[in-house]
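Structure first, then comments.
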Amino acid sequence: MILEKVDVVEDISKQDFQEKYFKKQKPLLIKNFASRWHAFDQWNFSYIREKAGEQEVPLYDNKPADASKSTDTPVTHMKMKDYIDTIKSRPSDLRIFFYIITDRLPELLKNFSYPDLGMKFFKRLPTLFFGGSEAHVLMHYDVDLGDFLHIHFEGKKRILLFDQKQSQFLYKVPLSVHTIYDIDYENPDYEKFPALQYAKGFEIFMEHGDALFIPGAFWHFNRYLEPGFSMSLRALPQKPKVFANMLYHVFIMRYTDKILRKMFKAKWVDFKQKWAYEKAQEILKKVSEK
């Protein structure tokens with residue numbers, strides 16, 4: 001893979017952000033972004049454990065979803081306090097996916113402020129994501145195609161970003177928003193997946209309080225290097241063409257895949273994986289012939 005660094009700033013005006021990054025759909029890392037919040041000192045595991053410790057939360061691991069089950073079926077459940085104690089005390093790949101603050105921990109809404117960057121945030125869905133020191137999230141892009149600001153807390157985190165033009169080199173699985181399960185983006189096997197060598201993207205390392213602007217439909221791979229959690233503030237698509245594409249993703253593509261997965265189970269999953277590999281090989285052949 002061909003990876004470069006994103007632009008990094010300590011602060012940025014709304015005008016500069018809109019002109020240089022939002023309109024150009026270019027990622028940006030804002031260091032220590034959350035430190036300006038009046039309650040920044042409460043964005044840690046201790047606060048979450050105190051306020052939501054008794055809540056039972058669904059947990060996921062690094063393994064692909066069981067083909068015989070829904071893709072959003074958790075591997076287990078645990079009380080929040082026990083989960084936090086677990087990932088802080090030992091290596092773990094357990095993670096919490098899409099913890100909606102408005103529903104689960106509304107008092108946390110008072111502890112941050114939406115940035116004045118010209119983004120129209122969808123305030124119903126500020127969400128948290130947690131992970132242990134061995135947790136990662138499969139390479140994917142978000143089905144709602146929204147732009148979002150991703151703010152990280154506690155331990156360090158590594159993120160890879162690719163725009164949609166790189167899909168042909170990333171082994172995108174048809175009727176889905178993820179790539180082939182077998183790809184290890186930390187140690188890419190270029191012999192098995194040669195097209196990856198042509199994928200051009202960004203590599204970002206995030207620390208406590210950093211914020212990353214991720215443009216809509218960007219592919220992202222998240223790896224927790226240490227136990228930590230992040231909050232995403234989303235902005236739904238505003239352009240009619242992108243909004244229509246979002247509706248297709250959410251209501252047609254996703255449900256078509258769910259139906260076929262339910263009908264054919266592992267056969268459908270295996271078929272898609274093979275299909276993705278063959279498509280990438282075709283692209284690779286064309287690139288090699290140029």
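Following the order of the structure tokens, chains are lettered A, B, ..., residues in each are numbered from 1, and ligands are numbered from 1.
Residues within 9 Å of Asp144 in chain A, counting only C-alpha atoms and excluding same-chain residues fewer than 2 positions away, are A:Tyr141, A:Asp142, A:Gly146, A:Gly216, A:Ala217, A:Leu236, A:Pro237, A:Phe243, A:Asn245, A:Met246, A:Leu247, A:His249, A:Val250.
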Surrounding residues of Tyr190 in chain A excluding itself and chain neighbours under 6 positions, 12 Å, only C-alpha atoms, as an NGL selection string:
:A and (1 or 169-170 or 183-184 or 196-199)
Contact residues around Arg49 in chain A with only C-alpha atoms at 8 Å, ignoring same-chain residues under 5 positions, as a PyMOL selection string:
chain A and resi 80-81+84
Once you have the residues from the selection above, write them out as a PDB file, in the first residue's frame, restricted to C-alpha atoms.
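Heads up, here's the output in selection_9.pdb:
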ATOM      1  CA  MET A  80     -19.716  -1.984  31.105  1.00  0.00           C
ATOM      2  CA  LYS A  81     -17.609  -1.916  34.303  1.00  0.00           C
ATOM      3  CA  ILE A  84     -13.556  -1.743  30.996  1.00  0.00           C
TER       4      ILE A  84
END
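The spacing separating CA of Arg254 in chain A from CA of Ile180 in chain A amounts to 16.7 Å.
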Selected residue of minimal separation from Glu54 in chain A among A:Ala280, A:Ile204, A:Met78, A:Met231, counting only C-alpha atoms
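Ranking A:Ala280, A:Ile204, A:Met78, A:Met231 by distance to Glu54 in chain A, first place goes to A:Met78.
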Excluding Phe45 in chain A and residues on its chain fewer than 2 positions from it, collect all residues at most 12 Å away from it, counting only C-alpha atoms, and give them as number ranges by chain.
A: 41-43, 47-53, 80-88, 130-131, 153-155, 208, 227-230
Would you pick out the contacts of Asn111 in chain A at 8 Å or less, using only C-alpha atoms, so that residues sharing its chain but fewer than 5 positions from it are not included, and give the list as a ChimeraX atom specification?
/A:37-40,42
Identify, with DSSP run on backbone atoms, the residues in range 40-219 of chain A assigned to helix (DSSP H, G or I), and express the list as a PyMOL selection string.
chain A and resi 40-42+45-52+80-89+101-104+106-111+164-169+194-198
Env of Ile30 in chain A: 6 Å cut, atoms = only C-alpha atoms, seq-sep filter 4 positions within chain, self excluded. Answer as an MDAnalysis selection string.
chainID A and resid 8:10 210:211
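Using only C-alpha atoms, the contacts of Lys5 in chain A at a cut-off of 10 Å, with sequence neighbours closer than 3 positions omitted, comprise Val8, Pro27, Leu28, Leu29, Leu160, Gly201, Phe202, Glu203, Ile204 and Phe205 of chain A.
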Would you put the residues from that selection into a file with N, CA, C and O atoms, as a short mmCIF file (atom, residue, chain, number, x, y, z; two decimals), in the first residue's frame?
data_model
loop_
_atom_site.label_atom_id
_atom_site.label_comp_id
_atom_site.auth_asym_id
_atom_site.auth_seq_id
_atom_site.Cartn_x
_atom_site.Cartn_y
_atom_site.Cartn_z
N VAL A 8 -1.85 17.99 9.58
CA VAL A 8 -2.06 18.07 11.02
C VAL A 8 -2.07 19.53 11.45
O VAL A 8 -1.18 20.30 11.06
N PRO A 27 -8.99 14.42 4.32
CA PRO A 27 -8.90 14.18 5.77
C PRO A 27 -8.01 15.21 6.46
O PRO A 27 -7.11 15.79 5.84
N LEU A 28 -8.26 15.41 7.75
CA LEU A 28 -7.47 16.34 8.54
C LEU A 28 -7.42 15.86 9.99
O LEU A 28 -8.45 15.47 10.55
N LEU A 29 -6.24 15.92 10.61
CA LEU A 29 -6.09 15.58 12.02
C LEU A 29 -5.91 16.87 12.82
O LEU A 29 -5.03 17.68 12.52
N LEU A 160 -6.20 3.74 9.01
CA LEU A 160 -5.87 3.82 7.59
C LEU A 160 -7.10 4.34 6.86
O LEU A 160 -8.22 3.90 7.14
N GLY A 201 -3.42 5.65 0.12
CA GLY A 201 -4.22 6.12 1.23
C GLY A 201 -3.43 6.90 2.25
O GLY A 201 -2.33 7.40 1.97
N PHE A 202 -3.99 7.00 3.45
CA PHE A 202 -3.40 7.78 4.53
C PHE A 202 -3.24 6.90 5.78
O PHE A 202 -4.07 6.04 6.05
N GLU A 203 -2.18 7.16 6.53
CA GLU A 203 -1.96 6.49 7.81
C GLU A 203 -1.95 7.56 8.91
O GLU A 203 -1.23 8.55 8.81
N ILE A 204 -2.75 7.33 9.95
CA ILE A 204 -2.90 8.31 11.03
C ILE A 204 -2.74 7.62 12.37
O ILE A 204 -3.26 6.52 12.58
N PHE A 205 -2.02 8.26 13.28
CA PHE A 205 -1.92 7.79 14.65
C PHE A 205 -2.59 8.84 15.54
O PHE A 205 -2.22 10.01 15.52
#
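What separates CA of Tyr185 in chain A from CA of Leu138 in chain A is a distance of 8.9 Å.
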Strand (DSSP E) call set, DSSP backbone run, range 51-246 of chain A, as an NGL selection string:
:A and (56-59 or 76-79 or 95-100 or 127-131 or 136-140 or 147-154 or 157-162 or 200-206 or 211-214 or 219-224 or 228-235)
Have a look at A:Leu212, A:Met139, A:Ala195, A:Ile259 and name the one nearest to Ile151 in chain A; count only C-alpha atoms.
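Closest to Ile151 in chain A, using only C-alpha atoms: A:Leu212.
Shortest atom-to-atom contact with Phe98 in chain A among A:Leu225, A:Ala34, A:Leu233, A:Ala65: A:Leu233, counting only C-alpha atoms.
Of note, CA of Val57 in chain A and CA of Pro115 in chain A are spaced 28.7 Å apart.
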